[in-house]
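Worksheet: one structure, shown below.
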Amino acid sequence: MFKLDKFCVRLGFAAFIAISAQLSFAQSGSAKFPGIGRVATPAEVAAWDIDVRPDFKGLPKGSGSVEKGQVIWEAKCASCHGTFGESNEIFTPIAGGTTADDVKTGRVASLKDMKQPQRTTLMKVPTVSTLWDYIYRAMPWNAPRSLTPDDTYALVAFILSLGEIVPDDYVLSDKNIADVKMPNRNGMTRKHGFWNVKDKPDVNGNSCMHNCVPFVQIGSTLPDFARNAHENIAEQNRLYGPYRGADTTKPPIKQLPGASGEGLAHAADTHAASSKGPAALFKNENCSACHAPNAKLVGPSITDISKKYDGQSGALDKLMAKVKAGGSGVWGSIPMPPQTQLSDEDRKTLVSWMLSGGK
């Protein structure tokens, strides 16, 4: 009994010393910046320091099989990415477009094929660490950081099997992950821009960084073939920035918006003309990202909502409250974010329009 008590005292004293050291470290740091928080403790830093680098530094120990990954995938991933990672309904496909020859050469041939319908994740990502890191930190999108390291190994193994990069009975772990050969491992380049203009990148890293002028007029424009690639920018909901965006269905304006605000009327007029009525409000508030007219997308279709609440008393007030507060459970597990930015009038307009079937 004496030995046990003595051991507990020593253990408690050691813990006390460790905690005191951390508090001392934090307090000494905060003394340098009085009134501005404190220095994070080593334990707090470790909790956030979870990134995995291409050299696999930061990769936790663990393992997971393709078989286990398929079970997790069907429960948590297939609703957005499809049963075999090929869905293009909500997010771009993850698997597809790679061949056994690509795995051998490390360069995905179909990336240069203009007839390729979609560039998938496995076609583009050159390092398996990137795949592991992103899934562990950000997936599933409605419950990030809920996957264990073993879950993540299993999911990555399943994704790799979809691309025939590893066999169906493969078990991925921190011991063998470096052996995985990604199809595009030799295809990553740094000397390129977002668009190729006259055989040259549209951006480069040769900034002068001296004798800088106080203000530089914006002078870049999109190439003609890419101008409307993502539909009219002026009609899209831009939460940040000084202006909504140019009308990309028309040629570039002669003078781009500058420090004094010239050129803003062009985008503002375009948006004002397209923002009348419930259908335009539905689009401008990005409701169409989750709700389609006649088919299930992330959430139910307008038609399904109209049918479900047809003839129900109090449906308008109930759905107005639901739109404002957000939530999940009625149409599935994927939650609808709260739409607190909407005025009561706009919420009533939107809900009434959806209850009418979009008429």
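Following the order of the structure tokens, chains are lettered A, B, ..., residues in each are numbered from 1, and ligands are numbered from 1.
Here the residues within region 116-202 of chain A that DSSP labels strand (DSSP E) on the basis of the backbone are Val171, Leu172, Ser173, Asn196, Val197, Lys200 and Pro201 of chain A.
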Do a neighbour search on Ser306 (chain A) at 12 Å with only C-alpha atoms, toss out local chain neighbours closer than 6 positions, and write the hits as a PyMOL selection string.
chain A and resi 293-294+300+312+315-316+319+351-359
Quick one: write out the picked residues with all heavy atoms as a short mmCIF file (atom, residue, chain, number, x, y, z; two decimals), in the first residue's frame?
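Result saved to selection-v6.cif:
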data_model
loop_
_atom_site.label_atom_id
_atom_site.label_comp_id
_atom_site.auth_asym_id
_atom_site.auth_seq_id
_atom_site.Cartn_x
_atom_site.Cartn_y
_atom_site.Cartn_z
N PRO A 293 -35.56 21.80 -59.98
CA PRO A 293 -37.00 21.87 -60.20
C PRO A 293 -37.73 20.54 -60.04
O PRO A 293 -38.73 20.47 -59.32
CB PRO A 293 -37.11 22.40 -61.64
CG PRO A 293 -35.83 23.13 -61.88
CD PRO A 293 -34.80 22.37 -61.11
N ASN A 294 -37.20 19.48 -60.69
CA ASN A 294 -37.94 18.21 -60.73
C ASN A 294 -37.15 16.99 -60.30
O ASN A 294 -37.64 15.87 -60.43
CB ASN A 294 -38.48 17.98 -62.15
CG ASN A 294 -39.41 19.09 -62.59
OD1 ASN A 294 -40.40 19.36 -61.94
ND2 ASN A 294 -39.08 19.73 -63.70
N PRO A 300 -34.33 18.13 -51.52
CA PRO A 300 -35.48 17.73 -52.33
C PRO A 300 -35.74 18.71 -53.47
O PRO A 300 -35.35 19.87 -53.41
CB PRO A 300 -36.64 17.73 -51.32
CG PRO A 300 -36.22 18.75 -50.30
CD PRO A 300 -34.73 18.59 -50.17
N GLN A 312 -51.63 21.32 -46.70
CA GLN A 312 -51.37 21.32 -45.25
C GLN A 312 -51.51 22.73 -44.69
O GLN A 312 -50.89 23.67 -45.20
CB GLN A 312 -49.96 20.78 -44.96
CG GLN A 312 -49.79 19.31 -45.21
CD GLN A 312 -48.45 18.81 -44.66
OE1 GLN A 312 -47.86 19.40 -43.76
NE2 GLN A 312 -47.98 17.70 -45.21
N ALA A 315 -48.31 25.29 -43.47
CA ALA A 315 -47.08 24.89 -44.17
C ALA A 315 -46.19 26.10 -44.46
O ALA A 315 -44.96 26.01 -44.35
CB ALA A 315 -47.44 24.18 -45.48
N LEU A 316 -46.79 27.23 -44.80
CA LEU A 316 -46.00 28.42 -45.12
C LEU A 316 -45.18 28.87 -43.93
O LEU A 316 -43.96 29.07 -44.02
CB LEU A 316 -46.92 29.54 -45.59
CG LEU A 316 -46.24 30.88 -45.93
CD1 LEU A 316 -45.24 30.70 -47.07
CD2 LEU A 316 -47.27 31.94 -46.28
N LEU A 319 -42.37 26.23 -42.99
CA LEU A 319 -41.20 26.22 -43.86
C LEU A 319 -40.42 27.53 -43.79
O LEU A 319 -39.20 27.53 -43.96
CB LEU A 319 -41.62 25.93 -45.30
CG LEU A 319 -42.14 24.52 -45.56
CD1 LEU A 319 -42.40 24.30 -47.04
CD2 LEU A 319 -41.16 23.47 -45.04
N VAL A 351 -40.61 30.74 -50.14
CA VAL A 351 -41.36 29.57 -49.68
C VAL A 351 -42.70 29.46 -50.42
O VAL A 351 -43.11 28.36 -50.83
CB VAL A 351 -41.58 29.64 -48.15
CG1 VAL A 351 -42.52 28.52 -47.70
CG2 VAL A 351 -40.25 29.52 -47.42
N SER A 352 -43.37 30.59 -50.61
CA SER A 352 -44.64 30.57 -51.34
C SER A 352 -44.44 30.06 -52.76
O SER A 352 -45.25 29.27 -53.28
CB SER A 352 -45.26 31.97 -51.36
OG SER A 352 -45.52 32.44 -50.06
N TRP A 353 -43.36 30.50 -53.37
CA TRP A 353 -43.06 30.09 -54.75
C TRP A 353 -42.77 28.60 -54.83
O TRP A 353 -43.24 27.91 -55.74
CB TRP A 353 -41.88 30.91 -55.26
CG TRP A 353 -41.47 30.60 -56.66
CD1 TRP A 353 -42.11 30.94 -57.82
CD2 TRP A 353 -40.27 29.91 -57.05
NE1 TRP A 353 -41.41 30.51 -58.90
CE2 TRP A 353 -40.27 29.87 -58.48
CE3 TRP A 353 -39.22 29.34 -56.35
CZ2 TRP A 353 -39.25 29.27 -59.18
CZ3 TRP A 353 -38.19 28.74 -57.07
CH2 TRP A 353 -38.22 28.69 -58.48
N MET A 354 -42.02 28.08 -53.86
CA MET A 354 -41.70 26.66 -53.86
C MET A 354 -42.92 25.81 -53.55
O MET A 354 -43.11 24.73 -54.12
CB MET A 354 -40.57 26.37 -52.86
CG MET A 354 -39.25 27.01 -53.24
SD MET A 354 -37.90 26.61 -52.11
CE MET A 354 -37.54 24.93 -52.61
N LEU A 355 -43.78 26.28 -52.66
CA LEU A 355 -45.01 25.54 -52.35
C LEU A 355 -45.95 25.49 -53.55
O LEU A 355 -46.76 24.56 -53.67
CB LEU A 355 -45.71 26.17 -51.15
CG LEU A 355 -45.06 25.94 -49.79
CD1 LEU A 355 -45.76 26.75 -48.71
CD2 LEU A 355 -45.07 24.45 -49.42
N SER A 356 -45.83 26.47 -54.42
CA SER A 356 -46.67 26.48 -55.64
C SER A 356 -46.07 25.63 -56.74
O SER A 356 -46.62 25.56 -57.84
CB SER A 356 -46.84 27.92 -56.13
OG SER A 356 -45.63 28.42 -56.67
N GLY A 357 -44.92 25.00 -56.47
CA GLY A 357 -44.25 24.19 -57.48
C GLY A 357 -43.40 25.00 -58.43
O GLY A 357 -43.07 24.55 -59.53
N GLY A 358 -43.03 26.23 -58.00
CA GLY A 358 -42.20 27.08 -58.84
C GLY A 358 -42.98 27.79 -59.93
O GLY A 358 -42.42 28.13 -60.98
N LYS A 359 -44.24 28.03 -59.70
CA LYS A 359 -45.09 28.68 -60.71
C LYS A 359 -45.31 30.14 -60.36
O LYS A 359 -45.29 30.53 -59.21
CB LYS A 359 -46.43 27.96 -60.81
CG LYS A 359 -46.30 26.50 -61.24
CD LYS A 359 -47.63 25.82 -61.26
CE LYS A 359 -47.49 24.34 -61.64
NZ LYS A 359 -48.77 23.62 -61.60
#
Using only C-alpha atoms, which residue out of A:Ala138, A:Leu59, A:Ile334, A:Met123 lies closest to Asn184 (chain A)?
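Of A:Ala138, A:Leu59, A:Ile334, A:Met123, the one nearest Asn184 (chain A), counting only C-alpha atoms, is A:Met123.
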Do you know which residues are at most 8 Å from Pro149 (chain A) counting only C-alpha atoms, after dropping those on the same chain fewer than 2 positions away, and could you put them as a ChimeraX atom specification?
/A:60-63,136,147,151-153
Based on the selection just made, write N, CA and C atoms of those residues as a PDB file, in the first residue's frame.
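again_20.pdb was written with the following content:
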ATOM      1  N   PRO A  60      -0.415   9.908 -39.289  1.00  0.00           N
ATOM      2  CA  PRO A  60      -0.552   9.072 -38.088  1.00  0.00           C
ATOM      3  C   PRO A  60      -0.480   7.588 -38.420  1.00  0.00           C
ATOM      4  N   LYS A  61      -0.205   6.787 -37.429  1.00  0.00           N
ATOM      5  CA  LYS A  61      -0.156   5.341 -37.618  1.00  0.00           C
ATOM      6  C   LYS A  61      -1.573   4.801 -37.776  1.00  0.00           C
ATOM      7  N   GLY A  62      -1.694   3.737 -38.546  1.00  0.00           N
ATOM      8  CA  GLY A  62      -2.993   3.115 -38.730  1.00  0.00           C
ATOM      9  C   GLY A  62      -3.059   2.334 -40.019  1.00  0.00           C
ATOM     10  N   SER A  63      -4.202   1.749 -40.282  1.00  0.00           N
ATOM     11  CA  SER A  63      -4.392   0.971 -41.504  1.00  0.00           C
ATOM     12  C   SER A  63      -5.877   0.810 -41.774  1.00  0.00           C
ATOM     13  N   TYR A 136      -9.139  13.390 -44.298  1.00  0.00           N
ATOM     14  CA  TYR A 136      -9.041  13.365 -42.830  1.00  0.00           C
ATOM     15  C   TYR A 136      -9.481  14.690 -42.226  1.00  0.00           C
ATOM     16  N   LEU A 147     -13.785  11.351 -38.933  1.00  0.00           N
ATOM     17  CA  LEU A 147     -13.167  10.092 -39.346  1.00  0.00           C
ATOM     18  C   LEU A 147     -11.903   9.822 -38.534  1.00  0.00           C
ATOM     19  N   ASP A 151     -10.207   4.894 -40.403  1.00  0.00           N
ATOM     20  CA  ASP A 151     -11.283   5.143 -41.370  1.00  0.00           C
ATOM     21  C   ASP A 151     -10.722   5.793 -42.631  1.00  0.00           C
ATOM     22  N   THR A 152      -9.834   6.739 -42.443  1.00  0.00           N
ATOM     23  CA  THR A 152      -9.263   7.473 -43.571  1.00  0.00           C
ATOM     24  C   THR A 152      -8.409   6.561 -44.438  1.00  0.00           C
ATOM     25  N   TYR A 153      -7.599   5.714 -43.820  1.00  0.00           N
ATOM     26  CA  TYR A 153      -6.815   4.749 -44.589  1.00  0.00           C
ATOM     27  C   TYR A 153      -7.734   3.857 -45.426  1.00  0.00           C
TER      28      TYR A 153
END
Can you list, as a PyMOL selection string, every protein, DNA or RNA residue that comes within 12 Å of region 90-93 of chain A when you count only C-alpha atoms, leaving out same-chain residues fewer than 2 positions away?
chain A and resi 77-88+95-97+117-124+141+159+162-163+288-292+296-299
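The space separating CA of Lys308 (chain A) from CA of Val323 (chain A) comes to 16.0 Å.
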